[in-house]
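Text of model17.txt, listed as compact mmCIF, C-alpha atoms:
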```txt
# COMPACT_ATOMS: atom_id res chain seq x y z
CA MET A 223 -33.51 57.23 43.05
CA GLU A 224 -29.76 56.61 43.05
CA ARG A 225 -28.38 55.21 46.28
CA ARG A 226 -25.06 56.02 47.83
CA GLN A 227 -22.76 53.17 48.80
CA LEU A 228 -21.84 53.17 52.50
CA HIS A 229 -19.01 50.80 53.44
CA VAL A 230 -18.72 49.43 56.98
CA ILE A 231 -15.24 48.12 57.73
CA THR A 232 -14.17 46.13 60.78
CA PRO A 233 -14.57 48.26 63.93
CA GLY A 234 -11.16 49.60 64.93
CA ASP A 235 -9.60 49.07 61.50
CA HIS A 236 -7.99 52.06 59.80
CA PHE A 237 -9.15 53.45 56.46
CA SER A 238 -5.60 54.57 55.83
CA PRO A 239 -2.70 53.94 53.41
CA ARG A 240 -0.55 53.32 56.49
CA THR A 241 -2.11 49.88 56.91
CA GLY A 242 -1.83 46.70 54.89
CA SER A 243 -5.29 45.39 55.74
CA ALA A 244 -7.13 43.88 52.80
CA ILE A 245 -10.58 45.30 53.56
CA PRO A 246 -9.60 49.03 53.58
CA THR A 247 -7.55 48.36 50.42
CA VAL A 248 -10.58 46.90 48.66
CA VAL A 249 -12.88 49.69 49.86
CA ASP A 250 -10.39 52.31 48.68
CA GLY A 251 -10.17 50.60 45.29
CA LEU A 252 -13.94 50.44 44.86
CA ALA A 253 -14.37 54.04 46.02
CA ALA A 254 -11.63 55.33 43.72
CA ALA A 255 -13.46 53.75 40.78
CA THR A 256 -16.75 55.52 41.49
CA PRO A 257 -18.25 56.66 38.15
CA PRO A 258 -18.16 60.46 37.65
CA ASP A 259 -21.96 60.71 37.68
CA ALA A 260 -22.44 58.59 40.83
CA LEU A 261 -22.81 59.75 44.41
CA ARG A 262 -19.58 59.87 46.37
CA PRO A 263 -19.34 56.79 48.62
CA ALA A 264 -18.76 56.92 52.35
CA VAL A 265 -16.91 54.72 54.83
CA LEU A 266 -18.01 54.21 58.44
CA VAL A 267 -14.84 54.48 60.57
CA ALA A 268 -14.43 54.28 64.33
CA ARG A 269 -13.40 57.53 65.98
CA GLY A 270 -9.78 57.43 67.10
CA THR A 271 -8.35 55.45 64.18
CA TYR A 272 -5.53 56.84 62.02
CA ALA A 273 -6.22 60.43 61.00
CA ASP A 274 -4.45 60.14 57.64
CA ARG A 275 -7.15 58.48 55.58
CA TYR A 276 -7.74 57.63 51.96
CA ASP A 277 -9.39 60.55 50.17
CA THR A 278 -11.48 58.38 47.85
CA ALA A 279 -14.57 58.39 50.07
CA GLU A 280 -16.25 60.53 52.69
CA VAL A 281 -15.41 59.31 56.19
CA ILE A 282 -18.30 59.13 58.66
CA GLU A 283 -17.02 58.62 62.19
CA TYR A 284 -18.90 56.81 64.92
CA ARG A 285 -18.22 56.14 68.57
CA SER A 286 -17.26 52.51 68.99
CA VAL A 287 -18.50 50.22 71.73
CA ARG A 288 -16.04 48.86 74.24
CA HIS A 289 -15.78 45.10 74.23
CA HIS A 290 -13.86 42.48 76.11
CA ARG A 291 -11.80 39.55 74.89
CA ALA A 292 -14.31 37.18 76.47
CA ASP A 293 -17.14 38.52 74.29
CA ARG A 294 -16.28 36.26 71.34
CA TYR A 295 -16.41 33.19 73.59
CA LEU A 296 -19.77 34.25 74.94
CA ASP A 297 -21.06 34.71 71.39
CA ALA A 298 -19.74 31.28 70.40
CA ALA A 299 -21.51 29.68 73.37
CA MET A 300 -24.76 31.48 72.54
CA SER A 301 -24.61 30.37 68.90
CA ARG A 302 -24.34 26.74 69.99
CA ILE A 303 -27.73 27.00 71.70
CA ALA A 304 -29.26 28.87 68.74
CA LEU A 305 -29.25 32.30 70.38
CA PRO A 306 -28.12 35.54 68.65
CA ARG A 307 -24.47 36.60 68.97
CA VAL A 308 -25.39 39.73 70.87
CA MET A 309 -21.87 40.96 71.61
CA ALA A 310 -20.88 41.14 67.94
CA ARG A 311 -24.25 42.69 67.10
CA ARG A 312 -23.80 45.33 69.77
CA GLU A 313 -20.38 46.25 68.39
CA TYR A 314 -21.57 46.51 64.80
CA ALA A 315 -24.85 48.22 65.68
CA ALA A 316 -22.81 51.25 66.73
CA THR A 317 -21.70 51.72 63.12
CA VAL A 318 -25.25 52.29 61.86
CA ARG A 319 -26.63 54.08 64.90
CA ASP A 320 -27.63 57.08 62.76
CA GLN A 321 -29.03 55.16 59.78
CA ARG A 322 -32.51 56.68 60.13
CA ALA A 323 -31.04 60.06 59.23
CA TRP A 324 -29.37 58.75 56.06
CA ASP A 325 -30.95 58.82 52.65
CA PRO A 326 -31.81 55.32 51.38
CA SER A 327 -28.41 53.75 50.73
CA VAL A 328 -26.57 50.54 49.93
CA ILE A 329 -24.94 49.53 53.23
CA ILE A 330 -22.02 47.20 52.54
CA ALA A 331 -21.03 45.08 55.54
CA HIS A 332 -17.43 43.99 54.99
CA ASN A 333 -16.89 40.69 56.82
CA ALA A 334 -19.70 41.77 59.15
CA VAL A 335 -22.34 39.05 59.23
CA GLN A 336 -23.75 40.31 62.54
CA LEU A 337 -24.30 43.81 61.17
CA VAL A 338 -26.88 42.66 58.62
CA PRO A 339 -29.80 42.18 61.07
CA ASP A 340 -29.33 45.74 62.39
CA ILE A 341 -29.59 47.36 58.96
CA ASP A 342 -33.04 48.77 58.30
CA ALA A 343 -33.74 46.71 55.19
CA ASP A 344 -36.97 48.58 54.52
CA ARG A 345 -34.95 51.75 54.03
CA HIS A 346 -31.50 50.53 52.96
CA LEU A 347 -30.15 47.63 50.89
CA PRO A 348 -27.90 45.39 53.04
CA VAL A 349 -25.00 43.73 51.19
CA LEU A 350 -22.61 41.30 52.88
CA TYR A 351 -19.11 41.56 51.33
CA ALA A 352 -17.15 38.44 52.30
CA HIS A 353 -13.35 38.52 52.22
CA ASN A 354 -13.02 35.31 54.27
CA ASP A 355 -15.15 32.30 55.17
CA LEU A 356 -17.42 34.03 57.67
CA LEU A 357 -19.92 31.22 58.17
CA HIS A 358 -17.83 28.20 59.14
CA THR A 359 -19.31 28.32 62.68
CA TYR A 360 -22.87 29.01 61.45
CA SER A 361 -25.62 26.47 60.92
CA GLN A 362 -28.01 26.99 58.02
CA ARG A 363 -30.67 27.87 60.58
CA GLU A 364 -28.55 30.67 62.08
CA SER A 365 -27.53 31.91 58.62
CA ARG A 366 -31.18 32.15 57.62
CA ARG A 367 -32.02 34.10 60.77
CA VAL A 368 -29.13 36.54 60.46
CA LEU A 369 -28.96 36.99 56.69
CA GLY A 370 -32.59 36.54 55.74
CA ARG A 371 -32.98 40.12 54.47
CA VAL A 372 -29.57 40.55 52.84
CA GLY A 373 -29.78 41.76 49.27
CA ALA A 374 -26.60 40.07 48.07
CA ILE A 375 -23.64 38.11 49.42
CA VAL A 376 -20.51 39.14 47.55
CA CYS A 377 -17.54 36.74 47.71
CA VAL A 378 -14.06 37.69 46.48
CA SER A 379 -13.58 34.31 44.75
CA ALA A 380 -15.57 31.31 43.59
CA ALA A 381 -13.50 29.19 45.99
CA LEU A 382 -14.76 31.30 48.90
CA ALA A 383 -18.32 31.16 47.58
CA ASP A 384 -18.14 27.35 47.56
CA GLN A 385 -16.89 27.34 51.17
CA MET A 386 -19.65 29.63 52.39
CA SER A 387 -22.48 28.02 50.47
CA ASP A 388 -22.39 24.93 52.69
CA SER A 389 -23.56 27.07 55.62
CA LEU A 390 -26.36 28.76 53.68
CA PRO A 391 -29.91 27.57 52.99
CA ALA A 392 -30.87 27.25 49.33
CA GLU A 393 -32.66 30.61 49.12
CA LEU A 394 -29.56 32.47 50.33
CA ARG A 395 -27.16 30.58 48.05
CA GLU A 396 -29.03 32.17 45.17
CA ARG A 397 -27.92 35.60 46.43
CA ILE A 398 -24.19 34.79 46.22
CA ALA A 399 -22.19 36.71 43.62
CA VAL A 400 -18.46 36.49 42.92
CA VAL A 401 -16.58 39.76 42.47
CA HIS A 402 -12.82 39.29 42.29
CA ASN A 403 -10.53 41.90 43.82
CA GLY A 404 -8.81 44.43 41.58
CA ILE A 405 -5.56 46.35 41.27
CA ASP A 406 -4.53 49.99 41.21
CA THR A 407 -2.35 50.08 38.09
CA GLY A 408 -1.44 53.69 38.81
CA LEU A 409 0.23 52.78 42.09
CA PHE A 410 1.47 49.33 41.10
CA ARG A 411 3.22 49.77 37.77
CA PRO A 412 6.33 48.30 36.12
CA ARG A 413 9.73 49.94 36.02
CA ASP A 414 10.88 51.24 32.64
CA ASP A 415 13.42 48.46 32.12
CA LEU A 416 12.01 44.99 32.75
CA GLU A 417 15.20 43.19 31.81
CA ARG A 418 16.55 40.89 34.48
CA ARG A 419 19.71 41.96 36.28
CA ASP A 420 22.67 39.68 37.05
CA GLU A 421 20.78 38.31 40.04
CA LEU A 422 17.18 37.12 40.17
CA ARG A 423 15.42 39.29 42.74
CA VAL A 424 12.67 37.39 44.55
CA VAL A 425 10.22 39.21 46.85
CA PHE A 426 7.66 38.05 49.42
CA VAL A 427 5.22 40.66 50.79
CA GLY A 428 2.63 39.94 53.45
CA ARG A 429 1.99 39.18 57.06
CA VAL A 430 4.82 37.07 58.37
CA ILE A 431 2.75 34.25 59.82
CA PRO A 432 2.80 30.50 59.11
CA GLU A 433 -0.37 30.64 57.00
CA LYS A 434 1.35 32.94 54.49
CA GLY A 435 4.28 30.53 54.11
CA PRO A 436 7.44 32.68 54.11
CA ASP A 437 9.21 29.69 55.69
CA VAL A 438 8.36 27.68 52.57
CA LEU A 439 10.23 30.27 50.51
CA LEU A 440 13.26 30.14 52.81
CA GLU A 441 13.29 26.33 52.71
CA ALA A 442 13.18 26.51 48.91
CA LEU A 443 16.10 28.95 48.81
CA CYS A 444 18.15 26.69 51.11
CA ARG A 445 17.55 23.84 48.66
CA LEU A 446 18.68 25.96 45.71
CA GLN A 447 22.11 26.94 47.02
CA ARG A 448 22.36 29.52 44.23
CA THR A 449 24.34 32.72 44.54
CA ASP A 450 22.43 34.36 41.66
CA VAL A 451 19.10 34.39 43.53
CA ARG A 452 18.47 37.03 46.22
CA ALA A 453 15.28 37.31 48.24
CA THR A 454 13.58 40.01 50.26
CA ILE A 455 10.89 39.17 52.80
CA VAL A 456 8.76 42.21 53.65
CA GLY A 457 6.34 42.21 56.56
CA THR A 458 5.72 41.49 60.21
CA SER A 459 3.18 39.38 62.03
CA GLY A 460 0.80 42.36 62.10
CA PHE A 461 0.69 45.82 60.60
CA SER A 462 3.31 47.59 62.68
CA ALA A 463 6.99 47.98 61.87
CA GLU A 464 7.75 48.57 65.55
CA ALA A 465 6.11 45.42 66.91
CA PRO A 466 8.43 42.96 68.67
CA LEU A 467 9.31 39.85 66.71
CA SER A 468 7.02 36.89 67.19
CA ALA A 469 8.40 33.41 67.90
CA TYR A 470 7.69 32.52 64.27
CA GLU A 471 9.58 35.55 62.99
CA ARG A 472 12.56 34.64 65.15
CA SER A 473 12.47 31.11 63.73
CA LEU A 474 12.57 32.54 60.20
CA ARG A 475 15.74 34.44 61.00
CA ARG A 476 17.37 31.25 62.23
CA LEU A 477 16.23 29.46 59.07
CA ALA A 478 17.72 32.23 56.92
CA GLU A 479 21.14 32.24 58.60
CA PRO A 480 22.78 29.76 56.16
CA LEU A 481 21.72 32.01 53.28
CA GLY A 482 23.72 34.98 54.60
CA ASP A 483 23.23 38.20 52.67
CA ARG A 484 21.20 36.44 49.97
CA VAL A 485 18.11 37.10 52.12
CA THR A 486 16.98 40.45 53.48
CA MET A 487 14.24 40.80 56.10
CA ARG A 488 12.33 44.07 56.10
CA PRO A 489 9.52 45.06 58.49
CA PHE A 490 5.98 46.02 57.55
CA SER A 491 5.88 48.96 55.12
CA PRO A 492 3.05 51.26 53.94
CA ARG A 493 1.49 50.50 50.58
CA ARG A 494 3.35 53.16 48.60
CA GLU A 495 6.66 51.76 49.80
CA ILE A 496 5.48 48.26 48.92
CA ALA A 497 4.76 49.44 45.38
CA ASP A 498 8.34 50.70 45.08
CA LEU A 499 9.72 47.40 46.40
CA LEU A 500 7.63 45.29 44.03
CA ARG A 501 8.73 47.43 41.10
CA GLU A 502 12.30 46.20 41.68
CA ALA A 503 11.31 42.52 41.84
CA ASP A 504 11.94 40.00 39.08
CA VAL A 505 9.77 37.39 40.79
CA VAL A 506 7.04 37.74 43.43
CA VAL A 507 6.32 34.61 45.47
CA VAL A 508 2.95 34.02 47.21
CA PRO A 509 3.55 30.72 49.09
CA SER A 510 0.34 30.56 51.15
CA ARG A 511 -0.48 27.26 52.80
CA TRP A 512 -4.03 28.23 53.87
CA LEU A 513 -7.21 28.61 51.82
CA ASP A 514 -6.40 32.21 50.90
CA PRO A 515 -9.67 33.59 49.44
CA PHE A 516 -7.89 36.05 47.11
CA ALA A 517 -4.27 37.12 47.51
CA LEU A 518 -4.02 40.78 46.51
CA THR A 519 -0.24 40.40 46.23
CA VAL A 520 -0.71 38.24 43.12
CA LEU A 521 -2.17 41.14 41.12
CA GLU A 522 0.16 43.66 42.75
CA GLY A 523 3.20 41.66 41.65
CA MET A 524 1.88 41.22 38.12
CA ALA A 525 1.01 44.91 37.75
CA SER A 526 4.53 45.75 38.94
CA GLY A 527 6.12 43.78 36.10
CA ALA A 528 7.22 40.71 38.07
CA ALA A 529 6.66 37.07 37.26
CA VAL A 530 4.45 35.52 39.95
CA ILE A 531 4.83 32.10 41.56
CA ALA A 532 1.90 31.26 43.83
CA SER A 533 0.36 28.36 45.74
CA ASP A 534 -2.38 26.41 44.02
CA ILE A 535 -4.86 26.75 46.87
CA GLY A 536 -8.06 28.62 47.76
CA GLY A 537 -8.84 31.57 45.51
CA ILE A 538 -5.21 32.13 44.48
CA PRO A 539 -5.62 30.38 41.08
CA GLU A 540 -8.49 32.77 40.32
CA ALA A 541 -6.31 35.74 41.24
CA ALA A 542 -3.52 34.49 38.99
CA GLY A 543 -5.63 33.40 36.04
CA SER A 544 -3.41 31.87 33.37
CA ALA A 545 -0.65 34.39 34.04
CA GLY A 546 0.94 32.86 37.14
CA LEU A 547 3.13 29.87 37.80
CA LEU A 548 1.23 27.73 40.32
CA VAL A 549 2.89 25.26 42.69
CA PRO A 550 1.48 22.90 45.35
CA PRO A 551 1.16 24.58 48.77
CA ASP A 552 3.63 23.77 51.53
CA ASP A 553 6.07 22.20 49.05
CA PRO A 554 9.56 23.80 49.21
CA ALA A 555 10.92 21.40 46.55
CA ALA A 556 8.26 22.42 44.02
CA LEU A 557 8.81 26.11 44.82
CA ALA A 558 12.59 25.68 44.42
CA GLU A 559 12.01 24.07 41.04
CA ALA A 560 9.75 26.94 39.93
CA ILE A 561 12.33 29.57 41.00
CA THR A 562 15.04 27.62 39.18
CA SER A 563 12.99 27.57 35.98
CA LEU A 564 12.68 31.37 36.07
CA ALA A 565 16.34 31.85 36.96
CA ASP A 566 17.46 29.64 34.04
CA ASP A 567 14.84 30.46 31.40
CA GLU A 568 14.62 34.20 30.75
CA ASN A 569 12.14 33.67 27.92
CA LEU A 570 9.74 31.95 30.33
CA ARG A 571 10.08 34.77 32.83
CA ARG A 572 9.40 37.35 30.12
CA ARG A 573 6.30 35.47 28.96
CA LEU A 574 4.96 35.40 32.51
CA VAL A 575 5.72 39.11 32.97
CA SER A 576 3.87 39.97 29.76
CA ALA A 577 0.88 37.77 30.61
CA GLY A 578 0.80 39.17 34.14
CA LEU A 579 0.74 42.76 32.99
CA GLU A 580 -2.12 41.98 30.60
CA HIS A 581 -4.03 40.13 33.33
CA ALA A 582 -3.58 42.98 35.83
CA ARG A 583 -4.71 45.60 33.34
CA ALA A 584 -7.86 43.58 32.71
CA ASN A 585 -8.67 43.59 36.43
CA THR A 586 -8.44 47.22 37.47
CA TRP A 587 -10.72 48.58 40.16
CA THR A 588 -12.79 50.25 37.44
CA SER A 589 -13.78 46.87 36.02
CA VAL A 590 -14.32 45.45 39.51
CA ARG A 591 -16.54 48.38 40.48
CA ALA A 592 -18.61 47.85 37.33
CA ARG A 593 -19.16 44.18 38.27
CA PHE A 594 -20.06 45.13 41.83
CA ASP A 595 -22.52 47.78 40.65
CA THR A 596 -24.21 45.16 38.47
CA VAL A 597 -24.64 42.93 41.54
CA VAL A 598 -26.19 45.84 43.46
CA GLU A 599 -28.55 46.68 40.59
CA ARG A 600 -29.76 43.07 40.43
CA ALA A 601 -30.29 43.01 44.18
CA MET A 602 -32.29 46.24 44.01
CA ALA A 603 -34.40 44.84 41.18
CA GLY A 604 -35.16 41.75 43.24
CA ARG A 605 -36.45 43.64 46.28
CA PRO A 606 -40.14 43.23 47.07
```
Produce structure tokens that represent the structure in this file.
Amino acid sequence: MERRQLHVITPGDHFSPRTGSAIPTVVDGLAAATPPDALRPAVLVARGTYADRYDTAEVIEYRSVRHHRADRYLDAAMSRIALPRVMARREYAATVRDQRAWDPSVIIAHNAVQLVPDIDADRHLPVLYAHNDLLHTYSQRESRRVLGRVGAIVCVSAALADQMSDSLPAELRERIAVVHNGIDTGLFRPRDDLERRDELRVVFVGRVIPEKGPDVLLEALCRLQRTDVRATIVGTSGFSAEAPLSAYERSLRRLAEPLGDRVTMRPFSPRREIADLLREADVVVVPSRWLDPFALTVLEGMASGAAVIASDIGGIPEAAGSAGLLVPPDDPAALAEAITSLADDENLRRRLVSAGLEHARANTWTSVRARFDTVVERAMAGRP
């Protein structure tokens, strides 16, 4: 019997195009690529989140559990003495409270390790979908206890799979599968004229936090001292355009002062506006300095017809394939050199644009969904 896919996203997160969160973006992409003859997927969403939701899946609301900031510290203390993290389990258990009434399904726990033990594995297939290293505080003993009945552990990059495997016993490592993220080439598409204008337009899109490295881009631009390179930094520390500036954001504005009008700072924008902004970019820069498991902006920039410069760290090289220009992380001099090469060599930029478009079109959500479905089929076949 065919099973419907039920996605559980982080409690309190919004399954809405108004957000920039990676997990709802991935769920929307997978849901949009549902084969015509398959059951329509559903997403478990906390009541009270944004009402304007993606229409690619049925939304099943649940009443969330109130929790306190101290809960995570209590869970951490309990894990150190080999006890279950009951606060996280209580929060996630609310999402599957009605699971006995559901037809046998594939329940996909996005970044939700503590949900897996509360899924009725005799009735449903539990799948852990990892977008980050979820197990860095877990011993192999705790991982075995919590994930013992998981059907598959999906990681968004091989780099992430390597990180997580250290915390898994051998029998669970065998259940790891890598499914790279995809791209909506209908939303993110190139402009009609991909010729460069008089100025090289460089764009950064993402959360404006140190880990994402927008300061590295500004330092690189200060080194360049070129009037033919203009940059736009789009984002805030969170996912709200109205949020007050963080100390880091204020420091970026001070760093950008010598560049004058060659740098524009824009607040967080919804995804459709981001697509329009990327379409006007000549170069998209992804200067992360952390082990980014898979930077969606890499594929978004490529699909929009921009050349992509990105940090050689974490899963970013897998996102870029052979179509990106990789530079060492946290290295403004190397980034400045890469930007210079694209400003001075239009043939190189065009080659990267062409390779990027081809790479993006080979990694649509349709192809990603097909790979994910294969993982689910194998997990179902391996059930006792």
**Message:** Residues within 9 Å of A:Thr486, please, as a PyMOL selection string. Count only C-alpha atoms; anything in the same chain fewer than 2 positions from it doesn't count.
**Reply:** chain A and resi 452-456+478+482-484+488
Ref. answer, residues at most 7 Å from (-0.4, 26.8, 52.6) with all atoms listed in the file, as a PyMOL selection string = chain A and resi 433-435+509-512+551-552
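Interatomic distance, atom CA of A:Val590 against atom CA of A:Val248: 10.0 Å.
Near A:Ala529, within 10 Å and counting only C-alpha atoms, sit Val424, Ala503, Asp504, Val505, Val506, Val507, Val520, Gly523, Met524, Ala545, Gly546, Leu547, Leu564, Leu570, Arg571, Arg572, Arg573, Leu574, Val575, Ser576, Ala577, Gly578 and Leu579 of chain A; same-chain residues fewer than 5 positions away were not included.
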note - atom CA of A:Gly373 and atom CA of A:Arg591 are separated by 17.2 Å
Which residues, written as number ranges by chain, have at least one atom at most 12 Å from A:His353, with all atoms listed in the file counted and residues fewer than 2 positions away on the same chain left out?
A: 231-232, 243-249, 331-335, 350-351, 355-357, 375-383, 385-386, 400-403, 513-518, 537
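Between atom CA of A:Pro263 and atom CA of A:Glu280 lies a distance of 6.3 Å.
Distances from A:Phe426, A:Ser327, A:Val438, A:Ala565 to A:Pro550 were compared using only C-alpha atoms, and the smallest one belongs to A:Val438.
Minimum distance to A:Ile398 across A:Arg423, A:Arg275, A:His229, A:Arg600 (counting only C-alpha atoms) occurs at A:Arg600.
Comparing the minimum interatomic distances between A:Ala528 and each of A:Ala582, A:Ala343, A:Ala374, A:Leu369, counting only C-alpha atoms, we find that A:Ala582 sits nearest.
Between A:Asp250 and the candidates A:Ser468, A:Gln336, A:Thr588, A:Thr458, the tightest atom-to-atom separation, counting all atoms listed in the file, involves A:Thr588.
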- request: Determine, counting all atoms listed in the file, every residue of protein, DNA or RNA that lies within 7 Å of (4.2, 30.4, 43.5) in the file coordinates, then give the result as a ChimeraX atom specification.
  value: /A:507-509,530-533,547-549,557
Filtering to C-alpha atoms, could you give me those residues as an mmCIF file, in the coordinates of the input?
```cif
data_model
loop_
_atom_site.group_PDB
_atom_site.id
_atom_site.type_symbol
_atom_site.label_atom_id
_atom_site.label_comp_id
_atom_site.auth_asym_id
_atom_site.auth_seq_id
_atom_site.Cartn_x
_atom_site.Cartn_y
_atom_site.Cartn_z
ATOM 1 C CA VAL A 507 6.320 34.610 45.470
ATOM 2 C CA VAL A 508 2.950 34.020 47.210
ATOM 3 C CA PRO A 509 3.550 30.720 49.090
ATOM 4 C CA VAL A 530 4.450 35.520 39.950
ATOM 5 C CA ILE A 531 4.830 32.100 41.560
ATOM 6 C CA ALA A 532 1.900 31.260 43.830
ATOM 7 C CA SER A 533 0.360 28.360 45.740
ATOM 8 C CA LEU A 547 3.130 29.870 37.800
ATOM 9 C CA LEU A 548 1.230 27.730 40.320
ATOM 10 C CA VAL A 549 2.890 25.260 42.690
ATOM 11 C CA LEU A 557 8.810 26.110 44.820
#
```
Among A:Leu394, A:Leu467, A:Val349, A:Ala497, A:Arg367 is approached most closely, using all atoms listed in the file, by A:Leu394
Expected axis-aligned box over every listed atom of stretch 381-393 of chain A, 8 Å added per side, centre plus edges in Å to one decimal, as lines of an AutoDock Vina configuration file:
```
center_x = -23.1
center_y = 28.1
center_z = 50.8
size_x = 35.2
size_y = 22.4
size_z = 25.6
```
Long-range neighbours of A:Leu500 as a PyMOL selection string, 9 Å cut-off, only C-alpha atoms, 6 positions minimum in chain:
chain A and resi 410-412+425+427+506+522-523+526-528
Quick one: everything within 7 Å of A:Thr586, counting all atoms listed in the file, minus sequence neighbours fewer than 2 positions away in the same chain. Send it as a PyMOL selection string. chain A and resi 404-407+582-584+588-590
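Shortest separation to A:Asp384 among A:Ile282, A:Ala555, A:Ala253, A:Gly536 occurs at residue A:Gly536, atoms counted being all atoms listed in the file.
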Output file: stretch 428-447 of chain A, N, CA and C atoms, as an mmCIF file, in the first residue's frame:
```cif
data_model
loop_
_atom_site.group_PDB
_atom_site.id
_atom_site.type_symbol
_atom_site.label_atom_id
_atom_site.label_comp_id
_atom_site.auth_asym_id
_atom_site.auth_seq_id
_atom_site.Cartn_x
_atom_site.Cartn_y
_atom_site.Cartn_z
ATOM 1 N N GLY A 428 21.359 36.179 2.866
ATOM 2 C CA GLY A 428 21.378 35.215 3.961
ATOM 3 C C GLY A 428 21.213 35.902 5.296
ATOM 4 N N ARG A 429 21.234 35.111 6.340
ATOM 5 C CA ARG A 429 21.192 35.691 7.675
ATOM 6 C C ARG A 429 22.471 36.486 7.902
ATOM 7 N N VAL A 430 22.323 37.656 8.435
ATOM 8 C CA VAL A 430 23.482 38.524 8.643
ATOM 9 C C VAL A 430 24.037 38.237 10.036
ATOM 10 N N ILE A 431 24.824 37.173 10.094
ATOM 11 C CA ILE A 431 25.463 36.711 11.318
ATOM 12 C C ILE A 431 26.906 36.363 10.979
ATOM 13 N N PRO A 432 27.794 36.331 11.962
ATOM 14 C CA PRO A 432 29.209 36.073 11.660
ATOM 15 C C PRO A 432 29.454 34.775 10.905
ATOM 16 N N GLU A 433 28.691 33.723 11.233
ATOM 17 C CA GLU A 433 28.911 32.432 10.581
ATOM 18 C C GLU A 433 28.747 32.513 9.070
ATOM 19 N N LYS A 434 27.863 33.388 8.594
ATOM 20 C CA LYS A 434 27.598 33.510 7.160
ATOM 21 C C LYS A 434 28.637 34.376 6.440
ATOM 22 N N GLY A 435 29.428 35.145 7.188
ATOM 23 C CA GLY A 435 30.561 35.854 6.623
ATOM 24 C C GLY A 435 30.326 37.085 5.776
ATOM 25 N N PRO A 436 29.238 37.853 5.962
ATOM 26 C CA PRO A 436 29.129 39.068 5.153
ATOM 27 C C PRO A 436 30.253 40.063 5.430
ATOM 28 N N ASP A 437 30.847 40.015 6.624
ATOM 29 C CA ASP A 437 31.985 40.891 6.910
ATOM 30 C C ASP A 437 33.190 40.542 6.056
ATOM 31 N N VAL A 438 33.316 39.249 5.696
ATOM 32 C CA VAL A 438 34.417 38.840 4.817
ATOM 33 C C VAL A 438 34.258 39.494 3.451
ATOM 34 N N LEU A 439 33.018 39.565 2.971
ATOM 35 C CA LEU A 439 32.761 40.237 1.697
ATOM 36 C C LEU A 439 33.097 41.722 1.787
ATOM 37 N N LEU A 440 32.687 42.380 2.850
ATOM 38 C CA LEU A 440 32.980 43.809 2.992
ATOM 39 C C LEU A 440 34.488 44.061 3.089
ATOM 40 N N GLU A 441 35.194 43.214 3.821
ATOM 41 C CA GLU A 441 36.650 43.350 3.906
ATOM 42 C C GLU A 441 37.283 43.186 2.520
ATOM 43 N N ALA A 442 36.759 42.245 1.738
ATOM 44 C CA ALA A 442 37.281 42.035 0.386
ATOM 45 C C ALA A 442 37.044 43.262 -0.485
ATOM 46 N N LEU A 443 35.867 43.859 -0.371
ATOM 47 C CA LEU A 443 35.549 45.037 -1.179
ATOM 48 C C LEU A 443 36.420 46.228 -0.773
ATOM 49 N N CYS A 444 36.721 46.349 0.509
ATOM 50 C CA CYS A 444 37.610 47.433 0.960
ATOM 51 C C CYS A 444 39.010 47.257 0.383
ATOM 52 N N ARG A 445 39.449 46.001 0.238
ATOM 53 C CA ARG A 445 40.754 45.738 -0.359
ATOM 54 C C ARG A 445 40.768 46.095 -1.842
ATOM 55 N N LEU A 446 39.636 45.902 -2.515
ATOM 56 C CA LEU A 446 39.588 46.104 -3.971
ATOM 57 C C LEU A 446 39.746 47.566 -4.361
ATOM 58 N N GLN A 447 39.023 48.431 -3.656
ATOM 59 C CA GLN A 447 39.045 49.856 -3.995
ATOM 60 C C GLN A 447 38.694 50.083 -5.467
#
```
